[in-house]
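Trainee: To be precise about what I am sending: the file is called structure33.cif and holds mmCIF, N, CA and C atoms.
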```
data_coords
#
loop_
_atom_site.label_atom_id
_atom_site.label_comp_id
_atom_site.auth_asym_id
_atom_site.auth_seq_id
_atom_site.Cartn_x
_atom_site.Cartn_y
_atom_site.Cartn_z
N GLN I 1 22.91 6.44 -27.22
CA GLN I 1 22.33 5.14 -27.52
C GLN I 1 22.90 4.09 -26.58
N VAL I 2 22.04 3.27 -26.04
CA VAL I 2 22.44 2.19 -25.14
C VAL I 2 21.94 0.88 -25.71
N GLN I 3 22.83 -0.06 -25.79
CA GLN I 3 22.44 -1.41 -26.21
C GLN I 3 22.46 -2.32 -25.00
N ILE I 4 21.44 -3.17 -24.92
CA ILE I 4 21.25 -3.99 -23.73
C ILE I 4 21.16 -5.46 -24.13
N LEU I 5 21.83 -6.30 -23.35
CA LEU I 5 21.79 -7.73 -23.60
C LEU I 5 21.58 -8.46 -22.28
N GLU I 6 20.47 -9.17 -22.22
CA GLU I 6 20.17 -9.98 -21.03
C GLU I 6 20.72 -11.39 -21.20
N SER I 7 21.02 -12.01 -20.06
CA SER I 7 21.44 -13.41 -20.06
C SER I 7 21.10 -14.01 -18.71
N GLY I 8 21.20 -15.33 -18.64
CA GLY I 8 21.01 -16.00 -17.37
C GLY I 8 19.68 -16.71 -17.20
N GLY I 9 18.81 -16.56 -18.18
CA GLY I 9 17.54 -17.26 -18.09
C GLY I 9 17.70 -18.75 -18.26
N GLY I 10 16.63 -19.48 -18.00
CA GLY I 10 16.68 -20.92 -18.17
C GLY I 10 15.50 -21.59 -17.52
N LEU I 11 15.62 -22.90 -17.40
CA LEU I 11 14.59 -23.73 -16.79
C LEU I 11 15.04 -24.13 -15.40
N VAL I 12 14.17 -23.93 -14.43
CA VAL I 12 14.51 -24.25 -13.04
C VAL I 12 13.27 -24.78 -12.35
N GLN I 13 13.47 -25.63 -11.37
CA GLN I 13 12.34 -26.14 -10.61
C GLN I 13 11.87 -25.12 -9.58
N ALA I 14 10.64 -25.23 -9.21
CA ALA I 14 10.09 -24.34 -8.19
C ALA I 14 10.95 -24.44 -6.92
N GLY I 15 11.20 -23.28 -6.35
CA GLY I 15 12.07 -23.21 -5.18
C GLY I 15 13.52 -22.94 -5.50
N GLY I 16 13.86 -23.05 -6.78
CA GLY I 16 15.23 -22.83 -7.20
C GLY I 16 15.58 -21.36 -7.40
N SER I 17 16.79 -21.14 -7.91
CA SER I 17 17.28 -19.78 -8.08
C SER I 17 17.90 -19.61 -9.46
N LEU I 18 17.85 -18.37 -9.92
CA LEU I 18 18.54 -17.96 -11.13
C LEU I 18 19.07 -16.55 -10.91
N ARG I 19 20.14 -16.23 -11.61
CA ARG I 19 20.61 -14.85 -11.61
C ARG I 19 20.65 -14.34 -13.04
N LEU I 20 19.87 -13.32 -13.28
CA LEU I 20 19.86 -12.68 -14.58
C LEU I 20 20.90 -11.56 -14.61
N SER I 21 21.53 -11.42 -15.76
CA SER I 21 22.48 -10.33 -15.96
C SER I 21 22.00 -9.47 -17.11
N CYS I 22 22.32 -8.20 -17.01
CA CYS I 22 21.96 -7.24 -18.04
C CYS I 22 23.20 -6.41 -18.32
N ALA I 23 23.82 -6.67 -19.46
CA ALA I 23 25.01 -5.93 -19.85
C ALA I 23 24.62 -4.80 -20.79
N ALA I 24 25.08 -3.62 -20.48
CA ALA I 24 24.72 -2.45 -21.28
C ALA I 24 25.97 -1.78 -21.85
N SER I 25 25.86 -1.31 -23.06
CA SER I 25 26.97 -0.62 -23.68
C SER I 25 26.90 0.86 -23.36
N GLY I 26 28.01 1.56 -23.60
CA GLY I 26 28.01 3.00 -23.43
C GLY I 26 28.70 3.45 -22.16
N SER I 27 29.43 4.54 -22.29
CA SER I 27 30.20 5.06 -21.17
C SER I 27 29.32 5.76 -20.14
N THR I 28 28.06 6.00 -20.49
CA THR I 28 27.18 6.70 -19.56
C THR I 28 26.29 5.75 -18.78
N PHE I 29 26.62 4.48 -18.79
CA PHE I 29 25.78 3.48 -18.11
C PHE I 29 25.54 3.86 -16.67
N SER I 30 26.57 4.34 -16.00
CA SER I 30 26.45 4.61 -14.57
C SER I 30 25.45 5.72 -14.26
N SER I 31 25.05 6.47 -15.26
CA SER I 31 24.08 7.54 -15.04
C SER I 31 22.64 7.08 -15.28
N TYR I 32 22.45 5.90 -15.82
CA TYR I 32 21.11 5.43 -16.16
C TYR I 32 20.44 4.71 -15.01
N CYS I 33 19.15 4.88 -14.91
CA CYS I 33 18.33 4.06 -14.04
C CYS I 33 17.97 2.80 -14.80
N MET I 34 17.95 1.69 -14.09
CA MET I 34 17.76 0.40 -14.75
C MET I 34 16.57 -0.33 -14.15
N GLY I 35 15.87 -1.06 -15.00
CA GLY I 35 14.71 -1.80 -14.52
C GLY I 35 14.60 -3.16 -15.16
N TRP I 36 13.86 -4.02 -14.50
CA TRP I 36 13.50 -5.34 -15.04
C TRP I 36 11.98 -5.42 -15.12
N PHE I 37 11.52 -5.89 -16.25
CA PHE I 37 10.10 -6.15 -16.46
C PHE I 37 9.97 -7.58 -16.97
N ARG I 38 8.76 -8.10 -16.92
CA ARG I 38 8.54 -9.44 -17.45
C ARG I 38 7.21 -9.50 -18.17
N LEU I 39 7.17 -10.45 -19.11
CA LEU I 39 5.97 -10.64 -19.92
C LEU I 39 5.69 -12.13 -19.99
N ALA I 40 4.54 -12.49 -19.45
CA ALA I 40 4.10 -13.88 -19.47
C ALA I 40 3.00 -14.04 -20.51
N PRO I 41 2.86 -15.24 -21.07
CA PRO I 41 1.82 -15.46 -22.08
C PRO I 41 0.44 -15.09 -21.56
N GLY I 42 -0.26 -14.31 -22.35
CA GLY I 42 -1.61 -13.93 -21.99
C GLY I 42 -1.72 -12.84 -20.94
N LYS I 43 -0.57 -12.28 -20.56
CA LYS I 43 -0.58 -11.23 -19.53
C LYS I 43 0.07 -9.97 -20.07
N GLU I 44 -0.16 -8.89 -19.36
CA GLU I 44 0.48 -7.63 -19.72
C GLU I 44 1.90 -7.57 -19.14
N ARG I 45 2.69 -6.71 -19.75
CA ARG I 45 4.04 -6.49 -19.23
C ARG I 45 3.96 -6.02 -17.79
N GLU I 46 4.81 -6.59 -16.96
CA GLU I 46 4.74 -6.34 -15.52
C GLU I 46 6.09 -5.86 -15.00
N PHE I 47 6.03 -4.84 -14.19
CA PHE I 47 7.23 -4.35 -13.52
C PHE I 47 7.71 -5.41 -12.53
N VAL I 48 9.04 -5.59 -12.46
CA VAL I 48 9.61 -6.54 -11.52
C VAL I 48 10.47 -5.82 -10.48
N SER I 49 11.45 -5.05 -10.98
CA SER I 49 12.37 -4.40 -10.06
C SER I 49 13.11 -3.29 -10.79
N ALA I 50 13.65 -2.35 -10.02
CA ALA I 50 14.41 -1.25 -10.60
C ALA I 50 15.45 -0.76 -9.60
N ILE I 51 16.42 -0.05 -10.15
CA ILE I 51 17.50 0.47 -9.32
C ILE I 51 17.94 1.81 -9.87
N ASP I 52 18.24 2.75 -8.98
CA ASP I 52 18.64 4.06 -9.47
C ASP I 52 20.10 4.03 -9.91
N TRP I 53 20.58 5.18 -10.40
CA TRP I 53 21.89 5.21 -11.02
C TRP I 53 23.01 4.83 -10.07
N SER I 54 22.84 5.14 -8.79
CA SER I 54 23.89 4.89 -7.82
C SER I 54 23.80 3.51 -7.18
N GLY I 55 22.64 2.88 -7.33
CA GLY I 55 22.41 1.63 -6.63
C GLY I 55 21.90 1.83 -5.22
N GLY I 56 21.71 3.07 -4.83
CA GLY I 56 21.30 3.36 -3.47
C GLY I 56 19.82 3.17 -3.21
N ASN I 57 19.03 3.18 -4.27
CA ASN I 57 17.59 2.98 -4.12
C ASN I 57 17.12 1.87 -5.04
N THR I 58 16.37 0.95 -4.47
CA THR I 58 15.85 -0.17 -5.24
C THR I 58 14.34 -0.27 -5.05
N TYR I 59 13.69 -0.87 -6.04
CA TYR I 59 12.24 -0.96 -6.05
C TYR I 59 11.83 -2.35 -6.50
N TYR I 60 10.76 -2.86 -5.91
CA TYR I 60 10.32 -4.21 -6.22
C TYR I 60 8.81 -4.28 -6.33
N ALA I 61 8.35 -5.14 -7.21
CA ALA I 61 6.94 -5.47 -7.24
C ALA I 61 6.62 -6.29 -5.99
N GLU I 62 5.41 -6.15 -5.49
CA GLU I 62 5.02 -6.88 -4.28
C GLU I 62 5.18 -8.39 -4.48
N SER I 63 4.95 -8.86 -5.69
CA SER I 63 4.97 -10.28 -5.96
C SER I 63 6.37 -10.89 -5.86
N VAL I 64 7.40 -10.06 -5.91
CA VAL I 64 8.77 -10.59 -5.85
C VAL I 64 9.55 -10.11 -4.64
N LYS I 65 8.95 -9.21 -3.90
CA LYS I 65 9.65 -8.63 -2.74
C LYS I 65 10.03 -9.74 -1.76
N GLY I 66 11.28 -9.70 -1.30
CA GLY I 66 11.77 -10.71 -0.38
C GLY I 66 12.36 -11.93 -1.07
N ARG I 67 12.12 -12.05 -2.38
CA ARG I 67 12.65 -13.20 -3.12
C ARG I 67 13.69 -12.77 -4.16
N PHE I 68 13.49 -11.61 -4.74
CA PHE I 68 14.39 -11.10 -5.78
C PHE I 68 15.23 -9.96 -5.23
N THR I 69 16.45 -9.85 -5.74
CA THR I 69 17.34 -8.76 -5.36
C THR I 69 17.99 -8.17 -6.60
N ILE I 70 17.86 -6.88 -6.76
CA ILE I 70 18.49 -6.19 -7.89
C ILE I 70 19.76 -5.51 -7.40
N SER I 71 20.77 -5.51 -8.26
CA SER I 71 22.02 -4.83 -7.92
C SER I 71 22.69 -4.39 -9.22
N ARG I 72 23.69 -3.55 -9.09
CA ARG I 72 24.40 -3.11 -10.28
C ARG I 72 25.89 -2.96 -9.99
N ASP I 73 26.67 -3.16 -11.03
CA ASP I 73 28.11 -2.96 -10.95
C ASP I 73 28.45 -1.98 -12.08
N ASN I 74 28.58 -0.73 -11.75
CA ASN I 74 28.82 0.28 -12.77
C ASN I 74 30.17 0.12 -13.45
N ALA I 75 31.12 -0.47 -12.76
CA ALA I 75 32.43 -0.71 -13.38
C ALA I 75 32.34 -1.74 -14.50
N LYS I 76 31.34 -2.62 -14.39
CA LYS I 76 31.15 -3.66 -15.41
C LYS I 76 29.97 -3.37 -16.33
N ASN I 77 29.34 -2.22 -16.14
CA ASN I 77 28.16 -1.87 -16.95
C ASN I 77 27.11 -2.98 -16.91
N THR I 78 26.88 -3.49 -15.74
CA THR I 78 25.99 -4.65 -15.62
C THR I 78 25.03 -4.49 -14.44
N VAL I 79 23.81 -4.91 -14.69
CA VAL I 79 22.80 -4.99 -13.65
C VAL I 79 22.42 -6.46 -13.47
N TYR I 80 22.16 -6.84 -12.24
CA TYR I 80 21.83 -8.23 -11.93
C TYR I 80 20.46 -8.31 -11.28
N LEU I 81 19.82 -9.44 -11.50
CA LEU I 81 18.58 -9.74 -10.79
C LEU I 81 18.73 -11.14 -10.23
N GLN I 82 18.96 -11.23 -8.93
CA GLN I 82 19.04 -12.51 -8.25
C GLN I 82 17.63 -12.94 -7.88
N MET I 83 17.24 -14.10 -8.38
CA MET I 83 15.88 -14.58 -8.15
C MET I 83 15.94 -15.87 -7.35
N ASN I 84 15.41 -15.83 -6.16
CA ASN I 84 15.38 -16.99 -5.27
C ASN I 84 13.94 -17.43 -5.04
N SER I 85 13.79 -18.63 -4.54
CA SER I 85 12.46 -19.17 -4.22
C SER I 85 11.50 -19.00 -5.39
N LEU I 86 11.96 -19.37 -6.54
CA LEU I 86 11.16 -19.16 -7.74
C LEU I 86 9.89 -19.98 -7.73
N LYS I 87 8.85 -19.40 -8.32
CA LYS I 87 7.54 -20.03 -8.38
C LYS I 87 7.13 -20.19 -9.85
N PRO I 88 6.26 -21.12 -10.13
CA PRO I 88 5.80 -21.26 -11.52
C PRO I 88 5.24 -19.96 -12.09
N GLU I 89 4.62 -19.15 -11.27
CA GLU I 89 4.06 -17.89 -11.75
C GLU I 89 5.12 -16.85 -12.09
N ASP I 90 6.39 -17.15 -11.81
CA ASP I 90 7.48 -16.27 -12.24
C ASP I 90 7.89 -16.55 -13.69
N THR I 91 7.33 -17.58 -14.28
CA THR I 91 7.64 -17.91 -15.66
C THR I 91 7.26 -16.77 -16.59
N ALA I 92 8.23 -16.30 -17.36
CA ALA I 92 8.01 -15.18 -18.26
C ALA I 92 9.29 -14.89 -19.03
N VAL I 93 9.18 -14.02 -20.00
CA VAL I 93 10.36 -13.43 -20.62
C VAL I 93 10.71 -12.19 -19.81
N TYR I 94 11.94 -12.11 -19.38
CA TYR I 94 12.38 -11.00 -18.55
C TYR I 94 13.18 -10.02 -19.40
N TYR I 95 12.81 -8.77 -19.31
CA TYR I 95 13.43 -7.71 -20.08
C TYR I 95 14.13 -6.72 -19.16
N CYS I 96 15.31 -6.33 -19.59
CA CYS I 96 16.06 -5.28 -18.91
C CYS I 96 15.87 -3.98 -19.67
N ALA I 97 15.80 -2.88 -18.94
CA ALA I 97 15.58 -1.59 -19.58
C ALA I 97 16.40 -0.51 -18.89
N ALA I 98 16.74 0.51 -19.67
CA ALA I 98 17.52 1.64 -19.15
C ALA I 98 16.79 2.94 -19.43
N GLY I 99 16.91 3.86 -18.50
CA GLY I 99 16.24 5.14 -18.69
C GLY I 99 17.08 6.30 -18.18
N ASP I 100 16.90 7.43 -18.85
CA ASP I 100 17.58 8.66 -18.45
C ASP I 100 17.11 9.06 -17.05
N PRO I 101 18.00 9.35 -16.16
CA PRO I 101 17.60 9.69 -14.79
C PRO I 101 16.66 10.89 -14.70
N MET I 102 16.68 11.75 -15.71
CA MET I 102 15.78 12.91 -15.69
C MET I 102 14.32 12.48 -15.72
N ALA I 103 14.06 11.29 -16.23
CA ALA I 103 12.68 10.80 -16.31
C ALA I 103 12.18 10.25 -14.98
N PHE I 104 13.08 10.03 -14.06
CA PHE I 104 12.70 9.40 -12.79
C PHE I 104 12.63 10.47 -11.70
N TYR I 105 11.62 11.31 -11.80
CA TYR I 105 11.52 12.45 -10.90
C TYR I 105 10.89 12.09 -9.56
N ASP I 106 10.24 10.93 -9.48
CA ASP I 106 9.82 10.43 -8.18
C ASP I 106 9.77 8.91 -8.26
N SER I 107 9.54 8.28 -7.13
CA SER I 107 9.66 6.82 -7.06
C SER I 107 8.66 6.11 -7.96
N SER I 108 7.51 6.72 -8.17
CA SER I 108 6.49 6.05 -8.99
C SER I 108 6.94 5.83 -10.42
N THR I 109 7.83 6.66 -10.90
CA THR I 109 8.27 6.56 -12.30
C THR I 109 9.09 5.30 -12.55
N TYR I 110 9.69 4.74 -11.52
CA TYR I 110 10.48 3.52 -11.70
C TYR I 110 9.60 2.34 -12.09
N TYR I 111 8.32 2.38 -11.74
CA TYR I 111 7.41 1.27 -11.98
C TYR I 111 6.78 1.30 -13.37
N SER I 112 6.99 2.39 -14.09
CA SER I 112 6.33 2.56 -15.38
C SER I 112 7.26 2.25 -16.54
N HIS I 113 6.82 1.40 -17.45
CA HIS I 113 7.67 1.06 -18.59
C HIS I 113 7.94 2.28 -19.47
N SER I 114 7.06 3.26 -19.44
CA SER I 114 7.24 4.44 -20.29
C SER I 114 8.40 5.32 -19.84
N SER I 115 8.93 5.08 -18.64
CA SER I 115 10.07 5.87 -18.15
C SER I 115 11.39 5.41 -18.77
N TYR I 116 11.38 4.25 -19.38
CA TYR I 116 12.60 3.64 -19.88
C TYR I 116 12.71 3.81 -21.39
N ASP I 117 13.92 4.12 -21.84
CA ASP I 117 14.15 4.41 -23.25
C ASP I 117 14.71 3.24 -24.04
N TYR I 118 15.48 2.40 -23.39
CA TYR I 118 16.20 1.33 -24.09
C TYR I 118 15.84 -0.02 -23.49
N TRP I 119 15.64 -0.98 -24.36
CA TRP I 119 15.20 -2.30 -23.93
C TRP I 119 16.04 -3.39 -24.58
N GLY I 120 16.23 -4.47 -23.83
CA GLY I 120 16.89 -5.63 -24.39
C GLY I 120 15.90 -6.54 -25.09
N GLN I 121 16.41 -7.64 -25.59
CA GLN I 121 15.58 -8.60 -26.33
C GLN I 121 14.87 -9.59 -25.41
N GLY I 122 15.30 -9.64 -24.19
CA GLY I 122 14.64 -10.52 -23.23
C GLY I 122 15.33 -11.86 -23.06
N THR I 123 15.11 -12.46 -21.91
CA THR I 123 15.62 -13.80 -21.64
C THR I 123 14.50 -14.61 -20.97
N GLN I 124 14.33 -15.84 -21.42
CA GLN I 124 13.23 -16.66 -20.95
C GLN I 124 13.56 -17.31 -19.60
N VAL I 125 12.64 -17.19 -18.68
CA VAL I 125 12.73 -17.88 -17.40
C VAL I 125 11.52 -18.80 -17.30
N THR I 126 11.77 -20.07 -17.09
CA THR I 126 10.69 -21.05 -16.95
C THR I 126 10.87 -21.78 -15.63
N VAL I 127 9.84 -21.74 -14.82
CA VAL I 127 9.87 -22.39 -13.51
C VAL I 127 8.87 -23.54 -13.53
N SER I 128 9.36 -24.74 -13.36
CA SER I 128 8.48 -25.91 -13.38
C SER I 128 8.02 -26.25 -11.97
N SER I 129 6.81 -26.80 -11.91
CA SER I 129 6.25 -27.13 -10.60
C SER I 129 6.61 -28.54 -10.18
#
```
Any chance you could give the structure as structure tokens?
Mentor:
Amino acid sequence: QVQILESGGGLVQAGGSLRLSCAASGSTFSSYCMGWFRLAPGKEREFVSAIDWSGGNTYYAESVKGRFTISRDNAKNTVYLQMNSLKPEDTAVYYCAAGDPMAFYDSSTYYSHSSYDYWGQGTQVTVSS
């Protein structure tokens, strides 16, 4: 069982930056693949970014590529999402998720919410224009 807690959300002006943190419990954190998804009002849940267990492979949605950076610190059981050049369309609740690496048999699986077993409660990000 993995418990996840996101933090770092808030209100920021367009062009600003935020860093989201995702703290996970459990001694097996370093073996999990981690992802960020977001949910905006009236829209479906959207993949944002993911990182494999080692941090050696990262994945991004086209809409955030070049602006967001995902990283992890296995010693701290924490995953980060650095968000720069924020846009109003980035406004959403951001969710962190963890998944057993056995489910990630190819790169496409990182983009699917069904690959992840554990989810946090989410943190609100609001970008004003």
Trainee: For Gln82 in chain I, which of I:Trp36, I:Tyr111, I:Tyr105, I:Tyr118 is the closest residue, counting only C-alpha atoms?
Mentor: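 The shortest atom-to-atom distance to Gln82 in chain I comes from I:Trp36.
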Trainee: List as a list in words the protein and nucleic acid residues near range 119-122 of chain I, meaning an atom at most 8 Å away when only N, CA and C atoms are counted, but skip any in the same chain fewer than 6 places from it.
Mentor: Val2, Gln3, Ile4, Leu5, Glu6, Ser7, Gly9, Ala92, Val93, Tyr94, Tyr95, Cys96, Ala97, Ala98 and Gly99 of chain I
Trainee: Atom C of Trp53 in chain I and atom C of Thr109 in chain I, how far apart in Å?
Mentor: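 Between atom C of Thr109 in chain I and atom C of Trp53 in chain I the gap is 14.1 Å.
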Trainee: Given all atoms listed in the file as the basis, pick out the residue of I:Cys33, I:Phe68, I:Ala75, I:Tyr60 nearest to Pro101 in chain I.
Mentor: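 Looking only at the distances to Pro101 in chain I, the closest residue turns out to be I:Cys33.
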Trainee: Using all atoms listed in the file, can you tell me which of I:Thr28, I:Ser71, I:Thr91, I:Ser63 comes closest to Ser128 in chain I?
Mentor: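 Nearest to Ser128 in chain I: I:Thr91.
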Trainee: In Å, rounded to a single decimal, give me how far atom C of Phe104 in chain I is from CA of Arg19 in chain I.
Mentor: 26.5 Å
Trainee: Mind pulling up the distance from CA of Gly66 in chain I to CA of Asp100 in chain I?
Mentor: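 According to the coordinates, CA of Asp100 in chain I and CA of Gly66 in chain I are separated by 27.1 Å.
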Trainee: Please give the complete set of residues from chain I that DSSP, run on the backbone, assigns to strand (DSSP E or B), formatted as a tab-separated table (two decimals) with N, CA and C atoms, in the coordinates of the input.
Mentor:
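Saved file selection.tsv follows:
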```
chain	number	residue	atom	x	y	z
I	4	ILE	N	21.44	-3.17	-24.92
I	4	ILE	CA	21.25	-3.99	-23.73
I	4	ILE	C	21.16	-5.46	-24.13
I	5	LEU	N	21.83	-6.30	-23.35
I	5	LEU	CA	21.79	-7.73	-23.60
I	5	LEU	C	21.58	-8.46	-22.28
I	6	GLU	N	20.47	-9.17	-22.22
I	6	GLU	CA	20.17	-9.98	-21.03
I	6	GLU	C	20.72	-11.39	-21.20
I	7	SER	N	21.02	-12.01	-20.06
I	7	SER	CA	21.44	-13.41	-20.06
I	7	SER	C	21.10	-14.01	-18.71
I	10	GLY	N	16.63	-19.48	-18.00
I	10	GLY	CA	16.68	-20.92	-18.17
I	10	GLY	C	15.50	-21.59	-17.52
I	11	LEU	N	15.62	-22.90	-17.40
I	11	LEU	CA	14.59	-23.73	-16.79
I	11	LEU	C	15.04	-24.13	-15.40
I	12	VAL	N	14.17	-23.93	-14.43
I	12	VAL	CA	14.51	-24.25	-13.04
I	12	VAL	C	13.27	-24.78	-12.35
I	13	GLN	N	13.47	-25.63	-11.37
I	13	GLN	CA	12.34	-26.14	-10.61
I	13	GLN	C	11.87	-25.12	-9.58
I	18	LEU	N	17.85	-18.37	-9.92
I	18	LEU	CA	18.54	-17.96	-11.13
I	18	LEU	C	19.07	-16.55	-10.91
I	19	ARG	N	20.14	-16.23	-11.61
I	19	ARG	CA	20.61	-14.85	-11.61
I	19	ARG	C	20.65	-14.34	-13.04
I	20	LEU	N	19.87	-13.32	-13.28
I	20	LEU	CA	19.86	-12.68	-14.58
I	20	LEU	C	20.90	-11.56	-14.61
I	21	SER	N	21.53	-11.42	-15.76
I	21	SER	CA	22.48	-10.33	-15.96
I	21	SER	C	22.00	-9.47	-17.11
I	22	CYS	N	22.32	-8.20	-17.01
I	22	CYS	CA	21.96	-7.24	-18.04
I	22	CYS	C	23.20	-6.41	-18.32
I	23	ALA	N	23.82	-6.67	-19.46
I	23	ALA	CA	25.01	-5.93	-19.85
I	23	ALA	C	24.62	-4.80	-20.79
I	24	ALA	N	25.08	-3.62	-20.48
I	24	ALA	CA	24.72	-2.45	-21.28
I	24	ALA	C	25.97	-1.78	-21.85
I	33	CYS	N	19.15	4.88	-14.91
I	33	CYS	CA	18.33	4.06	-14.04
I	33	CYS	C	17.97	2.80	-14.80
I	34	MET	N	17.95	1.69	-14.09
I	34	MET	CA	17.76	0.40	-14.75
I	34	MET	C	16.57	-0.33	-14.15
I	35	GLY	N	15.87	-1.06	-15.00
I	35	GLY	CA	14.71	-1.80	-14.52
I	35	GLY	C	14.60	-3.16	-15.16
I	36	TRP	N	13.86	-4.02	-14.50
I	36	TRP	CA	13.50	-5.34	-15.04
I	36	TRP	C	11.98	-5.42	-15.12
I	37	PHE	N	11.52	-5.89	-16.25
I	37	PHE	CA	10.10	-6.15	-16.46
I	37	PHE	C	9.97	-7.58	-16.97
I	38	ARG	N	8.76	-8.10	-16.92
I	38	ARG	CA	8.54	-9.44	-17.45
I	38	ARG	C	7.21	-9.50	-18.17
I	39	LEU	N	7.17	-10.45	-19.11
I	39	LEU	CA	5.97	-10.64	-19.92
I	39	LEU	C	5.69	-12.13	-19.99
I	46	GLU	N	4.81	-6.59	-16.96
I	46	GLU	CA	4.74	-6.34	-15.52
I	46	GLU	C	6.09	-5.86	-15.00
I	47	PHE	N	6.03	-4.84	-14.19
I	47	PHE	CA	7.23	-4.35	-13.52
I	47	PHE	C	7.71	-5.41	-12.53
I	48	VAL	N	9.04	-5.59	-12.46
I	48	VAL	CA	9.61	-6.54	-11.52
I	48	VAL	C	10.47	-5.82	-10.48
I	49	SER	N	11.45	-5.05	-10.98
I	49	SER	CA	12.37	-4.40	-10.06
I	49	SER	C	13.11	-3.29	-10.79
I	50	ALA	N	13.65	-2.35	-10.02
I	50	ALA	CA	14.41	-1.25	-10.60
I	50	ALA	C	15.45	-0.76	-9.60
I	51	ILE	N	16.42	-0.05	-10.15
I	51	ILE	CA	17.50	0.47	-9.32
I	51	ILE	C	17.94	1.81	-9.87
I	58	THR	N	16.37	0.95	-4.47
I	58	THR	CA	15.85	-0.17	-5.24
I	58	THR	C	14.34	-0.27	-5.05
I	59	TYR	N	13.69	-0.87	-6.04
I	59	TYR	CA	12.24	-0.96	-6.05
I	59	TYR	C	11.83	-2.35	-6.50
I	60	TYR	N	10.76	-2.86	-5.91
I	60	TYR	CA	10.32	-4.21	-6.22
I	60	TYR	C	8.81	-4.28	-6.33
I	68	PHE	N	13.49	-11.61	-4.74
I	68	PHE	CA	14.39	-11.10	-5.78
I	68	PHE	C	15.23	-9.96	-5.23
I	69	THR	N	16.45	-9.85	-5.74
I	69	THR	CA	17.34	-8.76	-5.36
I	69	THR	C	17.99	-8.17	-6.60
I	70	ILE	N	17.86	-6.88	-6.76
I	70	ILE	CA	18.49	-6.19	-7.89
I	70	ILE	C	19.76	-5.51	-7.40
I	71	SER	N	20.77	-5.51	-8.26
I	71	SER	CA	22.02	-4.83	-7.92
I	71	SER	C	22.69	-4.39	-9.22
I	72	ARG	N	23.69	-3.55	-9.09
I	72	ARG	CA	24.40	-3.11	-10.28
I	72	ARG	C	25.89	-2.96	-9.99
I	73	ASP	N	26.67	-3.16	-11.03
I	73	ASP	CA	28.11	-2.96	-10.95
I	73	ASP	C	28.45	-1.98	-12.08
I	78	THR	N	26.88	-3.49	-15.74
I	78	THR	CA	25.99	-4.65	-15.62
I	78	THR	C	25.03	-4.49	-14.44
I	79	VAL	N	23.81	-4.91	-14.69
I	79	VAL	CA	22.80	-4.99	-13.65
I	79	VAL	C	22.42	-6.46	-13.47
I	80	TYR	N	22.16	-6.84	-12.24
I	80	TYR	CA	21.83	-8.23	-11.93
I	80	TYR	C	20.46	-8.31	-11.28
I	81	LEU	N	19.82	-9.44	-11.50
I	81	LEU	CA	18.58	-9.74	-10.79
I	81	LEU	C	18.73	-11.14	-10.23
I	82	GLN	N	18.96	-11.23	-8.93
I	82	GLN	CA	19.04	-12.51	-8.25
I	82	GLN	C	17.63	-12.94	-7.88
I	83	MET	N	17.24	-14.10	-8.38
I	83	MET	CA	15.88	-14.58	-8.15
I	83	MET	C	15.94	-15.87	-7.35
I	92	ALA	N	8.23	-16.30	-17.36
I	92	ALA	CA	8.01	-15.18	-18.26
I	92	ALA	C	9.29	-14.89	-19.03
I	93	VAL	N	9.18	-14.02	-20.00
I	93	VAL	CA	10.36	-13.43	-20.62
I	93	VAL	C	10.71	-12.19	-19.81
I	94	TYR	N	11.94	-12.11	-19.38
I	94	TYR	CA	12.38	-11.00	-18.55
I	94	TYR	C	13.18	-10.02	-19.40
I	95	TYR	N	12.81	-8.77	-19.31
I	95	TYR	CA	13.43	-7.71	-20.08
I	95	TYR	C	14.13	-6.72	-19.16
I	96	CYS	N	15.31	-6.33	-19.59
I	96	CYS	CA	16.06	-5.28	-18.91
I	96	CYS	C	15.87	-3.98	-19.67
I	97	ALA	N	15.80	-2.88	-18.94
I	97	ALA	CA	15.58	-1.59	-19.58
I	97	ALA	C	16.40	-0.51	-18.89
I	98	ALA	N	16.74	0.51	-19.67
I	98	ALA	CA	17.52	1.64	-19.15
I	98	ALA	C	16.79	2.94	-19.43
I	99	GLY	N	16.91	3.86	-18.50
I	99	GLY	CA	16.24	5.14	-18.69
I	99	GLY	C	17.08	6.30	-18.18
I	118	TYR	N	15.48	2.40	-23.39
I	118	TYR	CA	16.20	1.33	-24.09
I	118	TYR	C	15.84	-0.02	-23.49
I	119	TRP	N	15.64	-0.98	-24.36
I	119	TRP	CA	15.20	-2.30	-23.93
I	119	TRP	C	16.04	-3.39	-24.58
I	123	THR	N	15.11	-12.46	-21.91
I	123	THR	CA	15.62	-13.80	-21.64
I	123	THR	C	14.50	-14.61	-20.97
I	124	GLN	N	14.33	-15.84	-21.42
I	124	GLN	CA	13.23	-16.66	-20.95
I	124	GLN	C	13.56	-17.31	-19.60
I	125	VAL	N	12.64	-17.19	-18.68
I	125	VAL	CA	12.73	-17.88	-17.40
I	125	VAL	C	11.52	-18.80	-17.30
I	126	THR	N	11.77	-20.07	-17.09
I	126	THR	CA	10.69	-21.05	-16.95
I	126	THR	C	10.87	-21.78	-15.63
I	127	VAL	N	9.84	-21.74	-14.82
I	127	VAL	CA	9.87	-22.39	-13.51
I	127	VAL	C	8.87	-23.54	-13.53
I	128	SER	N	9.36	-24.74	-13.36
I	128	SER	CA	8.48	-25.91	-13.38
I	128	SER	C	8.02	-26.25	-11.97
```
Trainee: Quick one: of I:Gly55, I:Gln124, I:Gly8, I:Ala23, who's nearest to Val79 in chain I, counting only N, CA and C atoms?
Mentor: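 Closest candidate: I:Ala23.
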Trainee: Go through I:Asp106, I:Tyr116, I:Asp90, I:Gly26 one by one, measure the shortest atom-to-atom distance of each to Lys43 in chain I using only C-alpha atoms, and give the residue with the smallest value.
Mentor: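 Nearest candidate to Lys43 in chain I out of I:Asp106, I:Tyr116, I:Asp90, I:Gly26: I:Asp90.
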Trainee: Compare I:Gly56, I:Pro41, I:Gly10, I:Gly35 by their minimum atom-to-atom distance to Cys22 in chain I, counting only C-alpha atoms, and give me the closest one.
Mentor: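 Of I:Gly56, I:Pro41, I:Gly10, I:Gly35, the one nearest Cys22 in chain I, counting only C-alpha atoms, is I:Gly35.
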